[in-house]
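What follows is a set of notes on a single structure, which appears directly below.
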Amino acid sequence: MAKLSQDDLLAQFEEMTLIELSEFVKAFEAKFDVTAAAAVAVAGPAGPAAPAEAEAEQDEFDVILTGAGDKKIQVIKVVRELTSLGLKEAKDLVDGAPKPVLEKVAKDAAEKAAESLKGAGASVEVK
């Protein structure tokens, strides 16, 4: 595939609707595991501050339940183990997916929580 120039890409984006552009941004974020806000912040300043911001490693993560899957009861049990929620609150969280299960936790805790939820059959996203 031929490499497109920046002008070619901008011309393509001009032809897209806002919904198509929004879907493209979401797909881009998922494919490259980035957020649009971070890309803008790094691309914005032109100077020595940009590399320093790019090297800053994220130390707080959110574990977001995106779907309960087939084993909803198992997922509710895992949510209760991970949080201090009661049965009704955990069920409401699972029913209302996508919802955050844990917010601003360390990387290890976020990965363990995501693995536990995936093991129970849920679909999870760590941001």
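Every chain in the structure tokens takes a letter, A first, then B, and so on in the order presented; its residues are numbered from 1, and the ligands are numbered from 1 following the presented order.
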Selection near Val124 of chain A, 7 Å with only C-alpha atoms, sequence-local residues under 3 positions removed, as a list of chain:residue names: A:Val63, A:Ile64, A:Leu65, A:Thr66, A:Ala114, A:Leu117, A:Lys118
For Gly69 of chain A: contacts at 10 Å, only C-alpha atoms, fewer than 6 positions along chain excluded, given as a count of residues only: 7
In chain A, DSSP strand (DSSP E) residues written as a list in words: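 Those residues are Phe61, Asp62, Val63, Ile64, Leu65, Thr66, Gly67, Lys99, Pro100, Val101, Leu102, Glu103, Lys104, Val105, Ser123, Val124, Glu125 and Val126 of chain A.
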Would you write out those residues with N, CA and C atoms, as an mmCIF file, in the first residue's frame?
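out_39.cif, written as the output of this step:
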```cif
data_model
loop_
_atom_site.group_PDB
_atom_site.id
_atom_site.type_symbol
_atom_site.label_atom_id
_atom_site.label_comp_id
_atom_site.auth_asym_id
_atom_site.auth_seq_id
_atom_site.Cartn_x
_atom_site.Cartn_y
_atom_site.Cartn_z
ATOM 1 N N PHE A 61 -4.696 3.476 36.640
ATOM 2 C CA PHE A 61 -5.493 2.873 35.592
ATOM 3 C C PHE A 61 -6.925 2.677 36.054
ATOM 4 N N ASP A 62 -7.849 2.666 35.100
ATOM 5 C CA ASP A 62 -9.252 2.380 35.362
ATOM 6 C C ASP A 62 -9.587 1.040 34.713
ATOM 7 N N VAL A 63 -10.302 0.194 35.440
ATOM 8 C CA VAL A 63 -10.776 -1.078 34.905
ATOM 9 C C VAL A 63 -12.255 -0.890 34.592
ATOM 10 N N ILE A 64 -12.597 -1.002 33.295
ATOM 11 C CA ILE A 64 -13.963 -0.728 32.860
ATOM 12 C C ILE A 64 -14.591 -2.012 32.335
ATOM 13 N N LEU A 65 -15.729 -2.371 32.906
ATOM 14 C CA LEU A 65 -16.496 -3.532 32.468
ATOM 15 C C LEU A 65 -17.278 -3.109 31.232
ATOM 16 N N THR A 66 -16.985 -3.729 30.081
ATOM 17 C CA THR A 66 -17.668 -3.353 28.848
ATOM 18 C C THR A 66 -18.817 -4.290 28.512
ATOM 19 N N GLY A 67 -18.816 -5.483 29.096
ATOM 20 C CA GLY A 67 -19.905 -6.428 28.862
ATOM 21 C C GLY A 67 -19.825 -7.586 29.835
ATOM 22 N N LYS A 99 -19.290 0.262 32.490
ATOM 23 C CA LYS A 99 -19.127 1.037 33.724
ATOM 24 C C LYS A 99 -17.755 0.735 34.310
ATOM 25 N N PRO A 100 -17.153 1.713 35.001
ATOM 26 C CA PRO A 100 -15.878 1.440 35.668
ATOM 27 C C PRO A 100 -16.084 0.579 36.917
ATOM 28 N N VAL A 101 -15.249 -0.442 37.062
ATOM 29 C CA VAL A 101 -15.284 -1.298 38.254
ATOM 30 C C VAL A 101 -14.297 -0.747 39.280
ATOM 31 N N LEU A 102 -13.081 -0.468 38.836
ATOM 32 C CA LEU A 102 -12.047 0.123 39.687
ATOM 33 C C LEU A 102 -11.508 1.360 38.992
ATOM 34 N N GLU A 103 -11.235 2.400 39.761
ATOM 35 C CA GLU A 103 -10.698 3.626 39.195
ATOM 36 C C GLU A 103 -9.420 4.021 39.918
ATOM 37 N N LYS A 104 -8.461 4.521 39.144
ATOM 38 C CA LYS A 104 -7.192 5.034 39.659
ATOM 39 C C LYS A 104 -6.482 4.026 40.560
ATOM 40 N N VAL A 105 -6.250 2.823 40.005
ATOM 41 C CA VAL A 105 -5.518 1.790 40.731
ATOM 42 C C VAL A 105 -4.182 1.557 40.041
ATOM 43 N N SER A 123 -16.196 -8.949 29.362
ATOM 44 C CA SER A 123 -15.277 -8.207 28.500
ATOM 45 C C SER A 123 -14.874 -6.955 29.254
ATOM 46 N N VAL A 124 -13.567 -6.705 29.279
ATOM 47 C CA VAL A 124 -13.000 -5.656 30.141
ATOM 48 C C VAL A 124 -12.039 -4.794 29.330
ATOM 49 N N GLU A 125 -11.927 -3.539 29.737
ATOM 50 C CA GLU A 125 -11.008 -2.601 29.130
ATOM 51 C C GLU A 125 -10.232 -1.904 30.241
ATOM 52 N N VAL A 126 -8.928 -1.807 30.091
ATOM 53 C CA VAL A 126 -8.105 -1.117 31.079
ATOM 54 C C VAL A 126 -7.598 0.168 30.439
#
```
Picked from segment 65-123 of chain A by DSSP as alpha helix (DSSP H), as an NGL selection string: :A and (72-82 or 87-95 or 107-119)
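Using only C-alpha atoms, the nearest neighbour of Glu81 of chain A within the list A:Ala27, A:Leu4, A:Ala113, A:Ala106 is A:Ala113.
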Atomic separation - atom CA of Pro98 of chain A relative to atom CA of Ala68 of chain A, Å: 9.1 Å
Counting only C-alpha atoms, the option among A:Val34, A:Leu87, A:Val78, A:Leu18 closest to Lys112 of chain A: A:Val78
Å distance separating atom CA of Ala30 of chain A from atom CA of Leu82 of chain A, one decimal place: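 Atom-to-atom, atom CA of Ala30 of chain A to atom CA of Leu82 of chain A, that is 25.3 Å.
Rounded to one decimal, atom CA of Phe24 of chain A and atom CA of Gly96 of chain A lie 25.3 Å from each other.
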